[in-house]
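Student: Structure file final_35.txt (compact mmCIF, C-alpha atoms) right here:
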# COMPACT_ATOMS: atom_id res chain seq x y z
CA MET A 1 123.52 86.21 92.79
CA LYS A 2 123.84 86.23 96.55
CA VAL A 3 121.08 87.18 99.00
CA LEU A 4 121.55 88.03 102.68
CA PHE A 5 118.59 86.91 104.83
CA VAL A 6 118.15 88.74 108.12
CA GLU A 7 115.41 87.03 110.14
CA ASP A 8 115.32 86.02 113.82
CA SER A 9 113.10 82.97 113.25
CA ALA A 10 115.46 80.15 112.30
CA LEU A 11 112.57 78.12 110.94
CA LEU A 12 111.34 80.88 108.67
CA ARG A 13 114.88 81.63 107.58
CA ARG A 14 115.31 77.98 106.66
CA ALA A 15 112.13 78.06 104.57
CA MET A 16 113.14 81.23 102.75
CA VAL A 17 116.67 80.00 102.08
CA LYS A 18 115.35 76.68 100.75
CA ALA A 19 113.03 78.44 98.31
CA VAL A 20 115.72 80.82 97.15
CA HIS A 21 118.31 78.02 96.71
CA GLU A 22 115.82 76.15 94.56
CA ALA A 23 115.53 79.29 92.43
CA GLY A 24 119.28 79.27 91.92
CA TYR A 25 120.51 81.97 94.28
CA LYS A 26 123.26 81.74 96.88
CA THR A 27 122.51 82.85 100.42
CA VAL A 28 124.04 84.22 103.60
CA GLU A 29 122.09 84.31 106.88
CA ALA A 30 121.89 86.50 109.98
CA GLU A 31 119.53 86.23 112.91
CA ASN A 32 119.60 89.85 114.03
CA GLY A 33 120.72 93.28 112.94
CA MET A 34 124.17 93.13 114.50
CA GLU A 35 124.93 89.85 112.72
CA ALA A 36 123.62 91.35 109.49
CA LEU A 37 126.13 94.17 109.66
CA ALA A 38 128.88 91.66 110.41
CA ARG A 39 127.87 89.59 107.36
CA LEU A 40 127.91 92.70 105.20
CA ARG A 41 131.41 93.53 106.37
CA ALA A 42 132.53 89.95 105.64
CA HIS A 43 130.81 89.50 102.28
CA GLY A 44 130.51 93.13 101.21
CA PRO A 45 130.39 93.61 97.46
CA THR A 46 129.31 90.01 96.76
CA ILE A 47 125.88 90.55 98.33
CA ASN A 48 123.32 91.56 95.71
CA LEU A 49 120.22 91.91 97.90
CA VAL A 50 119.30 92.01 101.60
CA VAL A 51 115.98 90.52 102.77
CA LEU A 52 115.32 92.19 106.10
CA ASP A 53 112.83 91.49 108.87
CA TRP A 54 111.84 94.47 111.03
CA ASN A 55 110.96 93.23 114.50
CA MET A 56 114.09 91.49 115.82
CA PRO A 57 116.00 91.41 119.08
CA VAL A 58 119.37 93.18 119.53
CA MET A 59 118.89 95.47 116.51
CA SER A 60 115.78 95.99 114.41
CA GLY A 61 115.64 95.74 110.66
CA TYR A 62 114.86 99.42 110.40
CA GLU A 63 118.07 100.28 112.26
CA VAL A 64 120.03 98.04 109.89
CA LEU A 65 118.47 99.76 106.90
CA VAL A 66 119.36 103.22 108.21
CA LYS A 67 122.94 102.13 108.92
CA MET A 68 123.30 100.57 105.46
CA ARG A 69 122.10 103.71 103.72
CA SER A 70 124.49 105.85 105.74
CA GLN A 71 127.54 103.83 104.66
CA GLU A 72 128.73 104.30 101.10
CA GLU A 73 129.86 100.71 100.58
CA TYR A 74 126.34 99.37 101.31
CA SER A 75 124.16 102.27 100.22
CA ASP A 76 123.42 100.81 96.78
CA ILE A 77 122.57 97.27 97.88
CA PRO A 78 118.83 96.80 97.39
CA VAL A 79 116.86 95.97 100.55
CA LEU A 80 113.59 94.06 100.61
CA MET A 81 111.75 94.48 103.92
CA ALA A 82 109.98 91.17 104.69
CA THR A 83 108.00 91.80 107.83
CA SER A 84 104.69 91.21 109.59
CA ASP A 85 104.42 95.00 110.01
CA GLY A 86 102.01 96.22 107.35
CA VAL A 87 101.03 99.50 109.00
CA GLU A 88 101.01 102.20 106.32
CA GLU A 89 103.09 104.64 108.36
CA ASP A 90 105.82 102.04 108.86
CA VAL A 91 105.83 101.10 105.19
CA LYS A 92 106.31 104.75 104.25
CA LYS A 93 109.02 105.09 106.92
CA ALA A 94 110.95 102.17 105.47
CA ILE A 95 110.66 103.38 101.88
CA LYS A 96 111.74 106.85 102.96
CA ALA A 97 114.76 105.33 104.73
CA GLY A 98 115.76 103.62 101.50
CA ALA A 99 114.03 100.24 101.32
CA THR A 100 113.78 99.02 97.74
CA GLY A 101 110.73 96.83 98.33
CA TYR A 102 108.31 95.83 101.06
CA LEU A 103 106.71 92.41 101.49
CA VAL A 104 104.19 91.94 104.28
CA LYS A 105 103.92 88.60 106.08
CA PRO A 106 102.33 86.18 105.63
CA PHE A 107 103.73 85.40 102.22
CA THR A 108 104.45 82.18 100.37
CA PRO A 109 107.99 81.18 99.37
CA GLU A 110 106.94 81.65 95.75
CA ALA A 111 105.91 85.26 96.41
CA LEU A 112 109.26 85.92 98.08
CA VAL A 113 111.24 84.46 95.18
CA LYS A 114 109.21 86.48 92.72
CA GLN A 115 109.88 89.73 94.59
CA ILE A 116 113.60 88.94 94.82
CA ALA A 117 113.75 88.20 91.11
CA ASN A 118 111.95 91.44 90.25
CA ILE A 119 114.27 93.55 92.38
CA LEU A 120 117.44 91.90 91.09
CA LYS A 121 116.24 92.25 87.52
CA SER A 122 115.54 95.97 88.01
CA ASN A 123 118.84 96.47 89.77
CA THR A 124 120.96 94.90 87.06
CA GLY A 125 119.46 97.38 84.61
CA SER A 126 118.14 94.69 82.29
CA VAL A 127 116.18 96.06 79.36
CA SER A 128 112.94 94.21 78.73
CA MET B 1 78.86 74.62 113.77
CA GLY B 2 77.67 77.47 111.54
CA SER B 3 79.32 79.90 109.20
CA PHE B 4 82.29 82.11 110.15
CA ARG B 5 79.96 85.09 110.62
CA GLU B 6 77.42 83.10 112.65
CA ILE B 7 80.08 81.77 114.99
CA THR B 8 81.59 85.19 115.72
CA ASP B 9 78.14 86.79 116.03
CA ARG B 10 77.10 84.15 118.58
CA ALA B 11 80.20 84.89 120.63
CA THR B 12 79.66 88.63 120.31
CA ASN B 13 76.13 88.39 121.61
CA SER B 14 76.82 85.93 124.41
CA GLY B 15 75.93 87.48 127.74
CA ALA B 16 73.36 89.89 126.24
CA THR B 17 70.23 90.31 128.37
CA GLY B 18 67.69 90.35 125.58
CA SER B 19 65.86 93.33 124.14
CA GLY B 20 66.78 95.65 127.03
CA MET B 21 70.49 95.88 126.07
CA CYS B 22 71.77 99.39 126.72
CA GLU B 23 73.65 101.52 124.18
CA ARG B 24 77.01 101.11 125.91
CA ARG B 25 76.75 97.34 125.93
CA ARG B 26 75.69 97.33 122.27
CA HIS B 27 78.74 99.45 121.36
CA GLU B 28 81.03 97.15 123.35
CA SER B 29 79.34 94.16 121.76
CA THR B 30 79.98 95.58 118.29
CA LYS B 31 83.66 96.17 119.02
CA ARG B 32 84.05 92.73 120.54
CA GLY B 33 82.57 91.28 117.39
CA ASP B 34 85.00 93.25 115.26
CA PHE B 35 87.93 91.99 117.33
CA PHE B 36 86.68 88.41 117.06
CA ARG B 37 86.52 88.70 113.29
CA ILE B 38 89.89 90.44 112.96
CA VAL B 39 91.67 87.85 115.12
CA ALA B 40 89.87 84.92 113.48
CA GLU B 41 90.52 86.08 109.93
CA SER B 42 94.15 86.91 110.68
CA THR B 43 94.69 83.45 112.17
CA CYS B 44 93.19 81.68 109.16
CA GLU B 45 95.09 83.80 106.66
CA VAL B 46 98.47 83.46 108.35
CA ILE B 47 98.43 79.73 108.99
CA THR B 48 96.98 78.85 105.60
CA THR B 49 99.53 81.02 103.78
CA ILE B 50 102.67 79.88 105.56
CA THR B 51 101.78 76.20 105.98
CA GLY B 52 99.37 75.45 103.15
CA ALA B 53 97.05 73.81 105.68
CA VAL B 54 93.33 74.58 105.68
CA VAL B 55 92.14 76.26 108.88
CA VAL B 56 88.47 76.28 109.85
CA LEU B 57 86.92 78.25 112.69
CA GLN B 58 84.86 75.90 114.88
CA GLU B 59 83.80 77.91 117.87
CA ALA B 60 84.11 81.33 119.51
CA THR B 61 83.41 81.76 123.20
CA THR B 62 84.29 83.64 126.30
CA ILE B 63 85.81 81.59 129.07
CA GLY B 64 86.42 82.17 132.70
CA GLY B 65 89.89 81.75 134.10
CA ASP B 66 92.63 80.08 132.13
CA ALA B 67 91.67 76.51 131.30
CA VAL B 68 94.92 75.36 129.75
CA SER B 69 96.15 71.89 128.94
CA PRO B 70 99.56 71.27 130.54
CA HIS B 71 100.75 69.66 127.30
CA GLU B 72 100.01 72.58 125.04
CA ILE B 73 102.72 74.55 123.32
CA MET B 74 101.74 78.16 123.63
CA ALA B 75 102.91 81.52 122.48
CA CYS B 76 101.57 84.98 123.07
CA MET B 77 102.20 88.57 122.11
CA LYS B 78 101.52 91.62 124.20
CA LEU B 79 99.86 94.57 122.54
CA SER B 80 100.13 98.13 123.77
CA GLY B 81 99.00 101.55 122.67
CA GLU B 82 95.42 102.62 122.02
CA LEU B 83 94.46 98.98 122.56
CA SER B 84 96.30 96.83 125.03
CA GLY B 85 96.17 93.18 125.89
CA THR B 86 97.40 89.84 124.73
CA ILE B 87 96.87 87.47 121.85
CA GLY B 88 97.93 83.89 122.41
CA VAL B 89 97.83 80.61 120.53
CA GLY B 90 97.94 77.06 121.90
CA PHE B 91 98.66 73.88 119.94
CA ASP B 92 98.96 70.29 120.97
CA PRO B 93 102.53 69.04 120.37
CA ILE B 94 101.65 66.98 117.30
CA LEU B 95 99.93 69.83 115.51
CA ALA B 96 102.74 72.20 116.51
CA ARG B 97 105.28 69.80 115.01
CA ASP B 98 103.24 69.33 111.81
CA LEU B 99 102.78 73.05 111.28
CA ALA B 100 106.45 73.78 111.99
CA THR B 101 107.38 71.08 109.49
CA ARG B 102 105.24 72.74 106.85
CA ILE B 103 106.67 76.18 107.61
CA ALA B 104 110.18 74.78 107.14
CA GLY B 105 109.24 73.33 103.78
CA GLY B 106 108.56 69.74 104.75
CA GLU B 107 111.83 68.46 106.22
CA VAL B 108 110.38 66.34 109.04
CA CYS B 109 113.48 64.57 110.30
CA SER B 110 115.59 67.64 110.96
CA LEU B 111 113.15 69.51 113.22
CA SER B 112 114.28 70.02 116.81
CA ARG B 113 112.14 70.98 119.79
CA LYS B 114 113.55 74.48 119.43
CA ASP B 115 112.38 74.58 115.81
CA ILE B 116 108.85 73.61 116.86
CA LEU B 117 108.73 76.36 119.48
CA ASP B 118 110.14 78.74 116.88
CA GLY B 119 107.32 77.79 114.51
CA VAL B 120 104.66 78.48 117.12
CA GLY B 121 106.34 81.79 117.93
CA GLU B 122 106.41 82.74 114.28
CA ILE B 123 102.70 81.96 113.90
CA ILE B 124 101.72 84.24 116.78
CA ASN B 125 104.16 86.88 115.52
CA GLN B 126 102.52 86.96 112.12
CA VAL B 127 98.95 86.72 113.46
CA SER B 128 99.61 89.65 115.81
CA GLY B 129 101.27 91.60 113.03
CA ARG B 130 98.28 91.05 110.80
CA VAL B 131 95.88 92.07 113.62
CA ARG B 132 97.95 95.20 114.19
CA THR B 133 97.86 96.09 110.50
CA VAL B 134 94.09 95.64 110.30
CA LEU B 135 93.53 97.63 113.51
CA SER B 136 95.61 100.44 112.06
CA LEU B 137 93.12 100.68 109.21
CA SER B 138 90.47 101.37 111.88
CA ARG B 139 92.78 104.06 113.26
CA TYR B 140 93.89 102.07 116.30
CA GLN B 141 97.62 102.62 116.85
CA VAL B 142 98.94 99.47 118.46
CA ASN B 143 102.44 98.21 119.13
CA ILE B 144 103.50 94.60 119.48
CA ASP B 145 106.41 93.10 121.36
CA LEU B 146 108.47 90.00 120.63
CA PRO B 147 106.64 86.68 121.16
CA LEU B 148 106.73 84.81 124.46
CA ILE B 149 106.75 81.05 124.01
CA SER B 150 106.02 78.39 126.58
CA ASP B 151 105.54 74.66 126.47
CA SER B 152 104.68 74.29 130.14
CA GLY B 153 101.00 75.03 129.54
CA LYS B 154 100.89 78.47 131.08
CA TYR B 155 100.18 81.74 129.34
CA VAL B 156 102.08 84.83 130.26
CA GLU B 157 99.35 87.36 130.95
CA SER B 158 99.51 90.98 130.02
CA PRO B 159 99.83 93.09 133.21
CA LEU B 160 97.47 95.61 131.63
CA CYS B 161 94.72 93.09 131.12
CA ASP B 162 92.43 93.10 134.12
CA LEU B 163 89.52 91.43 132.41
CA PRO B 164 88.40 88.35 134.32
CA HIS B 165 88.29 86.26 131.19
CA TYR B 166 89.69 85.80 127.74
CA TYR B 167 87.83 85.39 124.50
CA THR B 168 88.60 82.12 122.80
CA LEU B 169 88.51 80.98 119.21
CA ILE B 170 88.71 77.26 118.48
CA PHE B 171 89.97 76.22 115.06
CA GLU B 172 90.47 72.91 113.30
CA CYS B 173 93.56 72.27 111.23
CA LEU B 174 95.02 68.98 109.94
CA ASN B 175 92.28 67.13 111.86
CA ARG B 176 93.35 68.65 115.16
CA ARG B 177 92.01 71.53 117.17
CA PHE B 178 93.93 74.54 118.38
CA ARG B 179 92.90 77.76 120.05
CA VAL B 180 93.59 81.43 119.93
CA GLN B 181 92.81 83.43 123.04
CA PHE B 182 92.82 87.16 123.30
CA CYS B 183 91.83 90.10 125.41
CA LEU B 184 91.94 93.60 124.03
CA ILE B 185 90.92 96.69 125.97
CA GLU B 186 90.98 100.33 125.02
CA SER B 187 93.57 102.29 126.95
CA ASN B 188 92.42 105.53 128.59
Starting from the file, lay out its structure as structure tokens.

Tutor:
Amino acid sequence: MKVLFVEDSALLRRAMVKAVHEAGYKTVEAENGMEALARLRAHGPTINLVVLDWNMPVMSGYEVLVKMRSQEEYSDIPVLMATSDGVEEDVKKAIKAGATGYLVKPFTPEALVKQIANILKSNTGSVS
Amino acid sequence: MGSFREITDRATNSGATGSGMCERRRHESTKRGDFFRIVAESTCEVITTITGAVVVLQEATTIGGDAVSPHEIMACMKLSGELSGTIGVGFDPILARDLATRIAGGEVCSLSRKDILDGVGEIINQVSGRVRTVLSLSRYQVNIDLPLISDSGKYVESPLCDLPHYYTLIFECLNRRFRVQFCLIESN
């Protein structure tokens, strides 16, 4: 399984990628929304999940989410918003725009891995 | 030193003129106390969660001017909306490096200066985000910008903040002290 991390903090991205590698996933990284779209074009159908920060320079995570949902080739890729924005209105806005999950910072690497696992498990249609 | 509540209450009540405090000052004092607690709790929660380090509030005061160590690594976020102002954090370089190392998952040797500044920026980003979320529960609609980071010992001040002083919270973490300074005013 391959996860695309979109996060402008290189340090935080490193921490998340480390945790996810240790859990057995492959990763791709982007530091803003424009790069995220470029990674999607390059890796396309091999990406199983996008972990998306909201507040980023160049292009916000919300804009990336809207663009993904408007393009057929990316519309089914699950998106986990991982952001310091926990305002209820913004959470609802993201879910309405098509976010699959929402994780509010601060969170531990373990919590992130757990959320990723839950989403990927649901998305593969596993029967428990 | 006192408990968390005692420390923030002492800071809230500093400057009171005894039993003759007027209603307006009591209301402002209550709000200031709420802001102290929100900022203090957000700071403790964020740093403890993302670094695993214990954070203890030591002191809460108001200060005049901007008494800043030239060696501090500092980052701040501007807030705007129904409340405006700035929240900033200052660490000595060793603590900044140690916290950044913990955020990255413990790889000490590979941290660059840029990584350390990134870590400080991420801390203030998450603290401000947490403050914003909590304020929204009290019906304050507040927006935050991207963090401004400086290691030249000088805060970037919010142009909307015309208060003569900041409120300061002093914390201890990994046997070192760091501070969070903030000013928040209601926009008209």

Student: When distances are computed from all atoms listed in the file, which of B:Leu135, B:Ala53, B:Ala75, B:Ala96 shows the smallest separation from chain A?

Tutor: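 For chain A, the nearest of the candidates is B:Leu135.
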
Student: Between B:Asp98, B:Asp34, B:Glu82, B:Asp145, which one has atoms that come closest to chain A, using only C-alpha atoms?

Tutor: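 Distance minimum relative to chain A lands on B:Asp145.
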
Student: Only residues of chain A matter here; which ones have an atom within 12 Å of chain B, counting only C-alpha atoms? Give them as a count of residues only.

Tutor: 41

Student: So how many Å separate atom CA of Val89 of chain B and atom CA of Ile185 of chain B, to one decimal?

Tutor: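 Result for atom CA of Val89 of chain B versus atom CA of Ile185 of chain B: 18.3 Å, one decimal.
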
Student: Go through A:Lys93, A:Ser70, A:Leu4, A:Gln115 and flag the residue nearest Gly44 of chain A, using only C-alpha atoms for the distances.

Tutor: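 Smallest distance to Gly44 of chain A is found for A:Leu4.
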
Student: Around all the atoms of segment 26-45 of chain A listed in the file, draw an axis-aligned box and extend it by 3 Å on each of the six sides; I want its centre and edge lengths in Å to one decimal, as JSON.

Tutor:
{"center_x": 126.0, "center_y": 88.0, "center_z": 105.7, "size_x": 19.0, "size_y": 18.4, "size_z": 23.6}

Student: Find the distance between atom CA of Asp151 of chain B and atom CA of Gly33 of chain A and write it in Å to one decimal.

Tutor: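 Pair atom CA of Asp151 of chain B / atom CA of Gly33 of chain A returns 27.6 Å.
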
Student: Between atom CA of Ile149 of chain B and atom CA of Glu72 of chain B, what is the distance, to one decimal in Å?

Tutor: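 Pair atom CA of Ile149 of chain B / atom CA of Glu72 of chain B returns 10.9 Å.
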
Student: Could you list as a PyMOL selection string every residue that has an atom within 6 Å of (85.2, 85.1, 122.4), using the file's coordinates and counting all atoms listed in the file?

Tutor: chain B and resi 11+60-62+167-168

Student: Output C-alpha atoms for every residue in that selection, as a short mmCIF file (atom, residue, chain, number, x, y, z; two decimals), keeping the file's coordinate frame.

Tutor:
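After the write, part-v5.cif holds the following:
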data_model
loop_
_atom_site.label_atom_id
_atom_site.label_comp_id
_atom_site.auth_asym_id
_atom_site.auth_seq_id
_atom_site.Cartn_x
_atom_site.Cartn_y
_atom_site.Cartn_z
CA ALA B 11 80.20 84.89 120.63
CA ALA B 60 84.11 81.33 119.51
CA THR B 61 83.41 81.76 123.20
CA THR B 62 84.29 83.64 126.30
CA TYR B 167 87.83 85.39 124.50
CA THR B 168 88.60 82.12 122.80
#
